[in-house]
$ cat structure-v3.txt   # compact mmCIF, C-alpha atoms
# COMPACT_ATOMS: atom_id res chain seq x y z
CA MET A 16 11.48 35.96 -1.29
CA MET A 17 10.28 32.35 -1.59
CA SER A 18 12.18 29.51 0.03
CA HIS A 19 13.39 26.55 -2.03
CA ASP A 20 10.40 24.50 -0.85
CA ASP A 21 7.91 27.28 -1.65
CA SER A 22 9.28 27.56 -5.17
CA ASP A 23 9.01 23.80 -5.65
CA ASP A 24 5.37 23.90 -4.56
CA VAL A 25 4.55 26.62 -7.08
CA ASP A 26 6.30 24.69 -9.86
CA ALA A 27 4.28 21.57 -9.13
CA ARG A 28 0.97 23.44 -8.96
CA GLN A 29 1.51 24.90 -12.40
CA ALA A 30 0.66 21.44 -13.76
CA LEU A 31 -2.83 21.48 -12.24
CA ASP A 32 -6.09 22.05 -14.12
CA GLY A 33 -7.29 25.65 -13.80
CA ARG A 34 -10.98 24.71 -13.73
CA LEU A 35 -10.56 23.57 -10.13
CA SER A 36 -9.23 25.42 -7.12
CA TRP A 37 -6.32 23.44 -5.64
CA ARG A 38 -4.82 23.32 -2.18
CA PRO A 39 -2.95 20.82 0.02
CA ALA A 40 -5.17 18.58 2.13
CA GLY A 41 -5.62 19.64 5.74
CA PRO A 42 -7.63 18.49 8.77
CA GLY A 43 -10.57 20.61 7.70
CA ASP A 44 -10.77 18.73 4.39
CA LEU A 45 -11.13 15.21 5.78
CA ASP A 46 -14.87 14.92 5.22
CA ALA A 47 -14.74 16.31 1.67
CA TRP A 48 -11.69 14.18 0.83
CA ALA A 49 -13.25 10.98 2.15
CA ALA A 50 -16.53 11.75 0.35
CA LEU A 51 -14.67 12.18 -2.97
CA ILE A 52 -12.98 8.79 -2.58
CA ALA A 53 -16.26 7.14 -1.54
CA ARG A 54 -18.09 8.55 -4.59
CA THR A 55 -15.37 7.23 -6.86
CA ALA A 56 -15.33 3.83 -5.13
CA ALA A 57 -19.11 3.52 -5.52
CA VAL A 58 -18.59 3.53 -9.30
CA GLU A 59 -15.24 1.73 -9.62
CA HIS A 60 -15.73 -0.89 -6.87
CA PRO A 61 -12.06 -1.24 -5.85
CA VAL A 62 -10.94 -4.03 -3.56
CA TRP A 63 -10.08 -1.42 -0.91
CA TYR A 64 -10.21 2.34 -0.62
CA GLU A 65 -9.16 4.93 1.93
CA ARG A 66 -11.64 6.03 4.59
CA ARG A 67 -11.63 9.14 6.76
CA GLU A 68 -9.56 7.42 9.47
CA ASP A 69 -6.91 6.44 6.91
CA LEU A 70 -6.74 10.00 5.60
CA ALA A 71 -6.33 11.38 9.12
CA GLN A 72 -3.38 9.03 9.56
CA ILE A 73 -1.89 10.26 6.27
CA LEU A 74 -2.10 13.86 7.49
CA SER A 75 0.02 12.94 10.53
CA SER A 76 3.02 11.82 8.45
CA ARG A 77 6.31 13.57 9.17
CA GLN A 78 8.23 11.87 6.36
CA ASN A 79 5.63 12.82 3.74
CA PRO A 80 4.01 16.00 5.10
CA ALA A 81 0.63 16.66 3.54
CA ALA A 82 1.34 20.34 2.97
CA ALA A 83 3.83 19.46 0.22
CA ASN A 84 2.70 15.99 -0.86
CA THR A 85 -1.07 16.18 -1.23
CA ILE A 86 -3.34 18.21 -3.46
CA LEU A 87 -7.15 18.56 -3.52
CA GLY A 88 -9.12 20.18 -6.33
CA PHE A 89 -12.47 21.87 -5.58
CA ASP A 90 -15.12 23.08 -8.01
CA VAL A 91 -16.83 26.48 -7.73
CA GLN A 92 -19.44 25.02 -5.36
CA GLY A 93 -16.67 23.85 -3.03
CA THR A 94 -17.04 20.13 -3.78
CA ALA A 95 -13.81 18.11 -3.92
CA ARG A 96 -13.45 16.65 -7.43
CA ALA A 97 -9.89 15.29 -7.58
CA TYR A 98 -6.90 14.58 -5.41
CA GLY A 99 -3.28 13.49 -5.66
CA ARG A 100 -0.86 12.21 -3.04
CA LEU A 101 2.80 11.26 -3.12
CA THR A 102 4.90 9.21 -0.71
CA LYS A 103 8.62 8.50 -0.80
CA ASN A 104 11.27 7.17 1.55
CA ASN A 105 14.16 9.60 1.81
CA ASP A 106 16.64 7.11 0.34
CA GLY A 107 14.09 5.19 -1.74
CA ASP A 108 14.53 4.49 -5.44
CA LYS A 109 10.92 5.40 -6.31
CA ALA A 110 7.99 7.53 -5.28
CA LEU A 111 4.46 6.14 -5.00
CA GLY A 112 1.53 8.08 -6.41
CA PHE A 113 -2.12 7.89 -5.39
CA GLY A 114 -5.22 9.77 -6.44
CA CYS A 115 -8.67 9.76 -7.94
CA VAL A 116 -11.05 11.88 -9.99
CA ASP A 117 -14.76 12.26 -9.27
CA PRO A 118 -16.74 10.09 -11.72
CA ASP A 119 -18.53 13.20 -13.03
CA TRP A 120 -15.16 14.71 -13.98
CA GLN A 121 -13.47 11.62 -15.40
CA GLY A 122 -12.52 11.94 -19.05
CA SER A 123 -12.23 15.72 -18.75
CA GLY A 124 -8.43 15.88 -18.53
CA VAL A 125 -8.23 16.37 -14.77
CA GLY A 126 -6.65 12.94 -14.28
CA GLY A 127 -3.80 13.87 -16.59
CA SER A 128 -3.37 17.09 -14.64
CA VAL A 129 -3.06 15.19 -11.36
CA LEU A 130 -0.52 12.84 -12.98
CA ALA A 131 1.52 15.82 -14.16
CA TRP A 132 1.52 17.20 -10.60
CA LEU A 133 2.62 13.82 -9.22
CA GLU A 134 5.46 13.65 -11.74
CA GLU A 135 6.70 17.16 -10.98
CA ARG A 136 6.46 16.55 -7.25
CA THR A 137 8.43 13.30 -7.73
CA ARG A 138 11.23 15.22 -9.47
CA GLN A 139 11.29 17.69 -6.60
CA ARG A 140 11.43 14.96 -3.96
CA PHE A 141 14.35 13.25 -5.67
CA ALA A 142 16.14 16.59 -6.02
CA ASP A 143 15.56 17.42 -2.36
CA ASP A 144 16.78 13.99 -1.27
CA ALA A 145 19.91 14.35 -3.41
CA ASP A 146 20.62 17.70 -1.70
CA THR A 147 20.22 16.27 1.81
CA ASP A 148 21.70 12.83 1.09
CA ALA A 149 24.78 13.75 -0.90
CA ASP A 150 26.87 11.15 0.87
CA VAL A 151 24.61 8.32 -0.29
CA ALA A 152 24.57 9.73 -3.82
CA SER A 153 28.37 9.91 -3.88
CA ARG A 154 28.62 6.27 -2.87
CA THR A 155 26.16 5.16 -5.57
CA PRO A 156 27.11 7.06 -8.75
CA GLY A 157 24.89 4.81 -10.86
CA ARG A 158 21.85 5.54 -8.73
CA ALA A 159 18.65 5.69 -10.80
CA GLY A 160 16.90 8.97 -11.45
CA PRO A 161 13.36 9.94 -10.48
CA ARG A 162 10.80 7.16 -10.87
CA LEU A 163 7.08 7.23 -10.11
CA ARG A 164 5.08 4.08 -9.41
CA LEU A 165 1.30 3.83 -9.63
CA HIS A 166 -1.05 0.93 -8.99
CA SER A 167 -4.35 -0.06 -10.56
CA GLU A 168 -6.67 -3.05 -10.63
CA GLU A 169 -6.89 -5.02 -13.85
CA ALA A 170 -10.62 -4.30 -14.13
CA HIS A 171 -10.06 -0.53 -14.12
CA HIS A 172 -9.56 0.00 -17.84
CA ARG A 173 -9.90 3.80 -17.69
CA GLN A 174 -6.92 4.05 -15.35
CA ALA A 175 -4.87 1.71 -17.55
CA TRP A 176 -5.66 3.85 -20.59
CA LEU A 177 -4.63 7.02 -18.74
CA PHE A 178 -1.37 5.50 -17.48
CA GLU A 179 -0.42 4.09 -20.88
CA ARG A 180 -1.19 7.38 -22.59
CA HIS A 181 1.18 9.17 -20.22
CA GLY A 182 4.08 6.77 -20.74
CA TYR A 183 3.73 4.31 -17.86
CA ARG A 184 4.41 0.59 -18.30
CA VAL A 185 3.35 -2.41 -16.26
CA VAL A 186 6.30 -3.76 -14.27
CA ARG A 187 4.56 -6.26 -11.98
CA TYR A 188 1.32 -8.15 -11.47
CA TYR A 189 -0.27 -9.04 -8.14
CA ASN A 190 -2.92 -11.66 -7.45
CA GLU A 191 -5.76 -11.17 -4.98
CA MET A 192 -6.59 -14.63 -3.65
CA HIS A 193 -9.54 -15.93 -1.64
CA ARG A 194 -9.96 -19.14 0.35
CA PRO A 195 -13.44 -20.26 1.53
CA LEU A 196 -13.50 -20.99 5.25
CA THR A 197 -16.42 -23.38 4.78
CA ASP A 198 -13.95 -25.91 3.35
CA PRO A 199 -11.98 -28.06 5.82
CA LEU A 200 -9.19 -25.98 7.36
CA PRO A 201 -5.59 -27.10 6.85
CA GLY A 202 -3.50 -28.54 9.63
CA TYR A 203 0.12 -27.72 10.36
CA ARG A 204 3.11 -28.89 12.34
CA LEU A 205 5.95 -26.62 13.39
CA ASP A 206 9.51 -27.80 13.78
CA GLY A 207 10.75 -28.24 17.32
CA GLY A 208 11.89 -25.02 18.93
CA LEU A 209 9.22 -22.95 17.17
CA GLU A 210 5.87 -21.92 18.64
CA LEU A 211 2.86 -19.82 17.70
CA ALA A 212 2.11 -16.73 19.77
CA ASP A 213 -0.35 -13.85 19.76
CA PHE A 214 0.60 -10.50 18.28
CA GLY A 215 0.43 -7.33 20.36
CA PRO A 216 2.19 -4.06 21.23
CA ALA A 217 5.06 -5.83 22.99
CA LEU A 218 6.04 -7.37 19.64
CA HIS A 219 5.55 -4.34 17.37
CA GLU A 220 9.22 -3.47 17.07
CA GLU A 221 10.45 -7.07 16.88
CA VAL A 222 7.99 -7.79 14.06
CA ARG A 223 9.01 -4.60 12.24
CA GLN A 224 12.60 -5.80 12.26
CA ALA A 225 11.53 -9.26 11.15
CA HIS A 226 9.51 -7.72 8.30
CA ASN A 227 12.44 -5.65 7.05
CA ASP A 228 14.63 -8.74 7.22
CA ALA A 229 12.11 -11.04 5.51
CA PHE A 230 11.35 -8.62 2.67
CA ARG A 231 14.87 -7.51 1.81
CA ASP A 232 14.88 -10.02 -1.06
CA HIS A 233 11.42 -9.05 -2.36
CA TRP A 234 10.99 -6.98 -5.51
CA GLY A 235 10.03 -3.37 -4.88
CA SER A 236 10.18 -3.62 -1.10
CA GLU A 237 11.86 -0.93 1.00
CA PRO A 238 12.56 -1.01 4.75
CA ARG A 239 9.80 0.42 6.94
CA ASP A 240 10.83 2.93 9.55
CA GLU A 241 9.01 3.50 12.83
CA GLU A 242 6.53 5.95 11.30
CA ALA A 243 5.62 3.70 8.38
CA TRP A 244 5.29 0.72 10.72
CA GLY A 245 3.12 2.74 13.05
CA PHE A 246 0.70 3.25 10.18
CA VAL A 247 0.54 -0.55 9.76
CA VAL A 248 -0.03 -1.58 13.37
CA ASN A 249 -2.30 1.38 14.13
CA ASP A 250 -4.35 1.08 10.96
CA PRO A 251 -8.05 1.57 11.78
CA LEU A 252 -8.85 -1.83 10.25
CA ALA A 253 -5.99 -3.73 11.91
CA ARG A 254 -7.05 -6.82 13.86
CA PRO A 255 -4.27 -7.93 16.22
CA ASP A 256 -6.62 -10.59 17.59
CA LEU A 257 -6.63 -12.20 14.13
CA SER A 258 -2.86 -11.83 13.76
CA CYS A 259 -0.12 -14.13 15.04
CA VAL A 260 3.61 -14.76 15.08
CA VAL A 261 5.97 -17.72 15.24
CA LEU A 262 8.74 -17.41 17.81
CA ASP A 263 12.02 -19.24 18.20
CA THR A 264 11.76 -20.57 21.75
CA ALA A 265 15.53 -20.64 22.18
CA ASN A 266 15.98 -16.88 21.90
CA GLY A 267 12.55 -15.29 21.50
CA ARG A 268 13.40 -14.22 17.96
CA VAL A 269 10.45 -13.62 15.62
CA ALA A 270 10.71 -16.25 12.89
CA GLY A 271 7.58 -15.20 11.02
CA TYR A 272 4.40 -13.15 11.34
CA GLN A 273 0.90 -12.79 9.92
CA LEU A 274 -0.78 -9.38 10.35
CA ALA A 275 -4.49 -9.33 9.61
CA SER A 276 -7.27 -6.81 9.13
CA HIS A 277 -11.03 -6.80 8.59
CA ASP A 278 -13.11 -4.22 6.71
CA PRO A 279 -16.75 -4.34 7.84
CA ASP A 280 -17.85 -1.89 5.13
CA ILE A 281 -16.45 -4.09 2.37
CA ALA A 282 -18.27 -7.00 3.99
CA VAL A 283 -21.58 -5.17 3.55
CA GLU A 284 -20.77 -4.24 -0.06
CA ARG A 285 -19.67 -7.76 -1.05
CA GLY A 286 -22.20 -9.69 0.96
CA SER A 287 -19.54 -11.78 2.69
CA THR A 288 -17.00 -11.31 5.45
CA GLU A 289 -13.30 -11.84 5.00
CA GLY A 290 -10.21 -11.84 7.11
CA TYR A 291 -7.41 -10.22 5.15
CA THR A 292 -3.74 -11.05 5.60
CA ASP A 293 -2.06 -7.68 5.11
CA LEU A 294 1.48 -8.93 5.69
CA LEU A 295 2.99 -12.39 5.87
CA GLY A 296 6.71 -12.89 6.19
CA VAL A 297 9.28 -15.48 7.26
CA ARG A 298 12.92 -14.74 7.93
CA ARG A 299 15.29 -16.50 5.54
CA GLU A 300 16.89 -18.76 8.12
CA TYR A 301 13.46 -20.12 9.14
CA ARG A 302 12.13 -20.81 5.66
CA GLY A 303 11.35 -24.42 4.78
CA ARG A 304 10.30 -25.23 8.35
CA GLY A 305 6.54 -24.89 7.97
CA VAL A 306 6.32 -21.38 9.41
CA ALA A 307 4.26 -19.77 6.63
CA ARG A 308 1.84 -22.69 6.49
CA ALA A 309 1.36 -22.57 10.26
CA LEU A 310 0.71 -18.84 10.21
CA LEU A 311 -1.87 -19.08 7.42
CA ALA A 312 -3.59 -22.12 8.93
CA GLU A 313 -3.82 -20.32 12.27
CA ALA A 314 -5.12 -17.20 10.52
CA MET A 315 -7.87 -19.25 8.88
CA ARG A 316 -8.78 -20.77 12.23
CA ARG A 317 -9.04 -17.33 13.82
CA PHE A 318 -11.00 -15.88 10.90
CA ALA A 319 -13.48 -18.77 11.02
CA ALA A 320 -13.85 -18.47 14.80
CA ALA A 321 -14.67 -14.78 14.31
CA GLY A 322 -17.51 -15.76 11.98
CA MET A 323 -15.86 -14.88 8.69
CA ASP A 324 -16.62 -16.58 5.38
CA LYS A 325 -13.23 -16.46 3.68
CA ALA A 326 -9.55 -15.71 4.04
CA SER A 327 -7.91 -13.36 1.55
CA LEU A 328 -4.48 -11.99 0.69
CA ASP A 329 -2.46 -10.48 -2.15
CA VAL A 330 0.73 -11.92 -3.59
CA ASP A 331 3.34 -10.77 -6.06
CA SER A 332 2.88 -13.08 -9.07
CA GLU A 333 6.67 -13.49 -9.24
CA ASN A 334 7.29 -13.82 -5.51
CA PRO A 335 10.74 -15.45 -5.11
CA THR A 336 9.86 -17.51 -2.04
CA GLY A 337 7.31 -19.79 -3.73
CA ALA A 338 4.43 -18.12 -1.88
CA LEU A 339 1.98 -18.46 -4.77
CA ALA A 340 2.42 -22.25 -4.83
CA LEU A 341 1.91 -22.45 -1.05
CA TYR A 342 -1.27 -20.38 -1.17
CA THR A 343 -2.66 -22.51 -3.98
CA ALA A 344 -1.87 -25.68 -2.05
CA LEU A 345 -3.76 -24.28 0.94
CA GLY A 346 -6.86 -23.67 -1.16
CA TYR A 347 -6.50 -20.01 -2.11
CA ARG A 348 -7.66 -19.10 -5.62
CA THR A 349 -7.01 -15.96 -7.66
CA VAL A 350 -10.09 -13.74 -7.98
CA ASN A 351 -8.58 -10.46 -9.15
CA ARG A 352 -5.31 -9.00 -10.41
CA SER A 353 -3.68 -5.64 -10.01
CA MET A 354 -0.66 -4.04 -11.62
CA ALA A 355 2.26 -1.81 -10.70
CA TRP A 356 3.08 0.83 -13.34
CA ASP A 357 6.40 2.69 -13.54
CA LYS A 358 7.64 5.74 -15.36
CA GLU A 359 11.20 7.05 -15.38
CA LEU A 360 11.04 10.83 -15.22
$ encode --input "structure-v3.txt" --output "C-alpha cells"
Amino acid sequence: MMSHDDSDDVDARQALDGRLSWRPAGPGDLDAWAALIARTAAVEHPVWYERREDLAQILSSRQNPAAANTILGFDVQGTARAYGRLTKNNDGDKALGFGCVDPDWQGSGVGGSVLAWLEERTRQRFADDADTDADVASRTPGRAGPRLRLHSEEAHHRQAWLFERHGYRVVRYYNEMHRPLTDPLPGYRLDGGLELADFGPALHEEVRQAHNDAFRDHWGSEPRDEEAWGFVVNDPLARPDLSCVVLDTANGRVAGYQLASHDPDIAVERGSTEGYTDLLGVRREYRGRGVARALLAEAMRRFAAAGMDKASLDVDSENPTGALALYTALGYRTVNRSMAWDKEL
C-alpha cells in the first residue's frame, strides 16, 4: 500500500510528457542536469543560471527534498531534456517554480507538461502544510489557497507566451541595474554611532535576523530560516570579501548589510566583470541615516579594488523604501527587466 506521499508523487507525475522518462534529481544526475541548463542558457542568455555547485546545494535541502520536489526528463538516449523544481516555506503563502526545456525540445509541449507538474506539486505541498499546520490554518481562516509563482526575463518572449497561455499573470517587475566603476565613485558619511565592518561567519546569524527584520515590509518576501540562509552565505559565488555591514557601535546591532557575489563565467560571456549585490537591507529604525548609501559606496570601492568594471543589482520596481531613487542617484541605470508571474490554483 502506498503512503500519502507516494500517492502524491504518482498524481504529480501523471502530468508529465510520456515521450521522456522522468525521475527526481539525485546526486548521480548533477552533470546531466547542469549540462541541460547550460545548453538552454547558451541560447537564451539569462542574466544568471544555476551551475553544478548550485544544484548540489539544492539536493541538500531538508525543507524542499529533491526526491519530491524535483523532476528530470530524459530522452531514449539518456540525455536530460527538461526539468522542474519547486520550493516552498512550510507556512508560506506561495510556492516558487523553476525549470527549463532543452532548446531542441522547446515548442513541443514539454514546457506545458512541466508547468502542469509544478502546479500539481504546489497543490500537494499546500495540502500537506495544511495537514501539519492546522493550528496556523485555524487562526487564519481567510488564508489564501495554493499559489504558484514563476519568474522570467522580459527578453524571454517564449516563456512569457507559455505562462500567459497557462493562465499566469504578471504581478511585479524587477529592474536589473548597472553602474560603471570607471566613473567617479560616490562618497558617504555615516551618522555618529554607526560604523562599517567586514562581513564574515561571526555575523551570519546576526545578518540573517537583520535581513528578516528589514524585509518584513517588502512585497513577496518571506523570512529565511537557517537552511535558506545557509544557501545564501555558502553560495559558490558568494564573495564575503566584497560584502560589508553597518554596525551600531552602542550595542553591536546590525543596522544594515550588503552581501555580494561575483560570477567569473558570466564575466567571460559578457566581456566585462561585475560585482553583484545579492542582498541589501537596512533595518527600519536605521533608515534615513545614510546606511544604504554607505553600503553601496563601499561595495563599489571594493568591486573596483578587485578589478571589476561595474556594480550591479536588482530592485523591485515598486520597492517601498525608495531604493530605486537611491540607486539612480548613485549612478545605477536599468539595463534589463524581469517579471514575477502568479497563478492561483
$ residues_near_point --input "structure-v3.txt" --point "(11.9, -10.9, 13.5)" --cutoff "12 Å" --atoms "all atoms listed in the file" --output "ChimeraX atom specification"
/A:218-230,260-263,266-273,295-301
$ write_last_selection --input "structure-v3.txt" --atoms "C-alpha atoms" --output "compact mmCIF listing (two decimals), keeping the file's coordinate frame"
# COMPACT_ATOMS: atom_id res chain seq x y z
CA LEU A 218 6.04 -7.37 19.64
CA HIS A 219 5.55 -4.34 17.37
CA GLU A 220 9.22 -3.47 17.07
CA GLU A 221 10.45 -7.07 16.88
CA VAL A 222 7.99 -7.79 14.06
CA ARG A 223 9.01 -4.60 12.24
CA GLN A 224 12.60 -5.80 12.26
CA ALA A 225 11.53 -9.26 11.15
CA HIS A 226 9.51 -7.72 8.30
CA ASN A 227 12.44 -5.65 7.05
CA ASP A 228 14.63 -8.74 7.22
CA ALA A 229 12.11 -11.04 5.51
CA PHE A 230 11.35 -8.62 2.67
CA VAL A 260 3.61 -14.76 15.08
CA VAL A 261 5.97 -17.72 15.24
CA LEU A 262 8.74 -17.41 17.81
CA ASP A 263 12.02 -19.24 18.20
CA ASN A 266 15.98 -16.88 21.90
CA GLY A 267 12.55 -15.29 21.50
CA ARG A 268 13.40 -14.22 17.96
CA VAL A 269 10.45 -13.62 15.62
CA ALA A 270 10.71 -16.25 12.89
CA GLY A 271 7.58 -15.20 11.02
CA TYR A 272 4.40 -13.15 11.34
CA GLN A 273 0.90 -12.79 9.92
CA LEU A 295 2.99 -12.39 5.87
CA GLY A 296 6.71 -12.89 6.19
CA VAL A 297 9.28 -15.48 7.26
CA ARG A 298 12.92 -14.74 7.93
CA ARG A 299 15.29 -16.50 5.54
CA GLU A 300 16.89 -18.76 8.12
CA TYR A 301 13.46 -20.12 9.14
$ residues_around --input "structure-v3.txt" --residues "Asp324 of chain A" --least-positions-apart "5" --cutoff "6 Å" --atoms "all atoms listed in the file" --output "PyMOL selection string"
chain A and resi 196+288-289
$ closest_residue --input "structure-v3.txt" --among "A:Arg100, A:Arg285, A:Arg302, A:His233" --to "Ala131 of chain A" --atoms "all atoms listed in the file"
A:Arg100
$ closest_residue --input "structure-v3.txt" --among "A:Glu191, A:Asp46, A:Glu134, A:Asp90" --to "Leu360 of chain A" --atoms "all atoms listed in the file"
A:Glu134
$ closest_residue --input "structure-v3.txt" --among "A:Arg239, A:His60, A:Arg67, A:His277" --to "Leu252 of chain A" --atoms "all atoms listed in the file"
A:His277
$ closest_residue --input "structure-v3.txt" --among "A:Lys325, A:Arg204, A:Lys358, A:Arg352" --to "Arg308 of chain A" --atoms "only C-alpha atoms"
A:Arg204
$ atom_distance --input "structure-v3.txt" --atom1 "atom CA of Trp356 of chain A" --atom2 "atom CA of Glu68 of chain A"
26.9 Å
$ atom_distance --input "structure-v3.txt" --atom1 "atom CA of Ser36 of chain A" --atom2 "atom CA of Ser123 of chain A"
15.4 Å
$ residues_near_point --input "structure-v3.txt" --point "(-15.1, 19.4, 1.3)" --cutoff "12 Å" --atoms "all atoms listed in the file" --output "PyMOL selection string"
chain A and resi 36-38+40-52+87-98
$ closest_residue --input "structure-v3.txt" --among "A:Gln139, A:Ser353, A:Gln174, A:Thr55" --to "Val186 of chain A" --atoms "all atoms listed in the file"
A:Ser353
$ closest_residue --input "structure-v3.txt" --among "A:Asn104, A:Glu333, A:Gly346, A:Arg77" --to "Pro238 of chain A" --atoms "only C-alpha atoms"
A:Asn104
$ residues_around --input "structure-v3.txt" --residues "Leu101 of chain A" --least-positions-apart "4" --cutoff "7 Å" --atoms "only C-alpha atoms" --output "count of residues only"
7
$ decode --input "structure-v3.txt" --residues "segment 261-277 of chain A" --atoms "N, CA and C atoms" --output "PDB file, in the first residue's frame"
ATOM      1  N   VAL A 261      26.916  47.513   8.327  1.00  0.00           N
ATOM      2  CA  VAL A 261      26.997  48.702   9.182  1.00  0.00           C
ATOM      3  C   VAL A 261      26.506  48.281  10.558  1.00  0.00           C
ATOM      4  N   LEU A 262      27.319  48.579  11.574  1.00  0.00           N
ATOM      5  CA  LEU A 262      27.002  48.214  12.942  1.00  0.00           C
ATOM      6  C   LEU A 262      26.693  49.448  13.778  1.00  0.00           C
ATOM      7  N   ASP A 263      25.804  49.259  14.737  1.00  0.00           N
ATOM      8  CA  ASP A 263      25.542  50.269  15.756  1.00  0.00           C
ATOM      9  C   ASP A 263      26.590  50.070  16.844  1.00  0.00           C
ATOM     10  N   THR A 264      27.471  51.042  17.022  1.00  0.00           N
ATOM     11  CA  THR A 264      28.581  50.872  17.954  1.00  0.00           C
ATOM     12  C   THR A 264      28.128  50.801  19.407  1.00  0.00           C
ATOM     13  N   ALA A 265      26.934  51.271  19.688  1.00  0.00           N
ATOM     14  CA  ALA A 265      26.458  51.258  21.073  1.00  0.00           C
ATOM     15  C   ALA A 265      26.112  49.856  21.547  1.00  0.00           C
ATOM     16  N   ASN A 266      25.622  49.008  20.630  1.00  0.00           N
ATOM     17  CA  ASN A 266      25.164  47.683  21.052  1.00  0.00           C
ATOM     18  C   ASN A 266      25.586  46.550  20.117  1.00  0.00           C
ATOM     19  N   GLY A 267      26.323  46.873  19.076  1.00  0.00           N
ATOM     20  CA  GLY A 267      26.767  45.847  18.138  1.00  0.00           C
ATOM     21  C   GLY A 267      25.699  45.356  17.191  1.00  0.00           C
ATOM     22  N   ARG A 268      24.532  45.983  17.217  1.00  0.00           N
ATOM     23  CA  ARG A 268      23.407  45.560  16.396  1.00  0.00           C
ATOM     24  C   ARG A 268      23.705  45.839  14.915  1.00  0.00           C
ATOM     25  N   VAL A 269      23.329  44.909  14.052  1.00  0.00           N
ATOM     26  CA  VAL A 269      23.493  45.104  12.618  1.00  0.00           C
ATOM     27  C   VAL A 269      22.413  46.055  12.127  1.00  0.00           C
ATOM     28  N   ALA A 270      22.839  47.227  11.651  1.00  0.00           N
ATOM     29  CA  ALA A 270      21.884  48.216  11.138  1.00  0.00           C
ATOM     30  C   ALA A 270      21.550  47.963   9.679  1.00  0.00           C
ATOM     31  N   GLY A 271      22.533  47.480   8.924  1.00  0.00           N
ATOM     32  CA  GLY A 271      22.333  47.217   7.505  1.00  0.00           C
ATOM     33  C   GLY A 271      23.434  46.315   6.986  1.00  0.00           C
ATOM     34  N   TYR A 272      23.258  45.793   5.778  1.00  0.00           N
ATOM     35  CA  TYR A 272      24.204  44.819   5.233  1.00  0.00           C
ATOM     36  C   TYR A 272      24.147  44.864   3.710  1.00  0.00           C
ATOM     37  N   GLN A 273      25.248  44.502   3.093  1.00  0.00           N
ATOM     38  CA  GLN A 273      25.366  44.364   1.646  1.00  0.00           C
ATOM     39  C   GLN A 273      26.119  43.069   1.400  1.00  0.00           C
ATOM     40  N   LEU A 274      25.434  42.076   0.796  1.00  0.00           N
ATOM     41  CA  LEU A 274      26.054  40.781   0.510  1.00  0.00           C
ATOM     42  C   LEU A 274      26.282  40.673  -0.989  1.00  0.00           C
ATOM     43  N   ALA A 275      27.521  40.409  -1.364  1.00  0.00           N
ATOM     44  CA  ALA A 275      27.918  40.472  -2.771  1.00  0.00           C
ATOM     45  C   ALA A 275      28.361  39.112  -3.292  1.00  0.00           C
ATOM     46  N   SER A 276      28.341  39.004  -4.621  1.00  0.00           N
ATOM     47  CA  SER A 276      28.838  37.811  -5.296  1.00  0.00           C
ATOM     48  C   SER A 276      29.527  38.228  -6.587  1.00  0.00           C
ATOM     49  N   HIS A 277      30.242  37.274  -7.171  1.00  0.00           N
ATOM     50  CA  HIS A 277      30.894  37.511  -8.473  1.00  0.00           C
ATOM     51  C   HIS A 277      30.862  36.216  -9.252  1.00  0.00           C
TER      52      HIS A 277
END
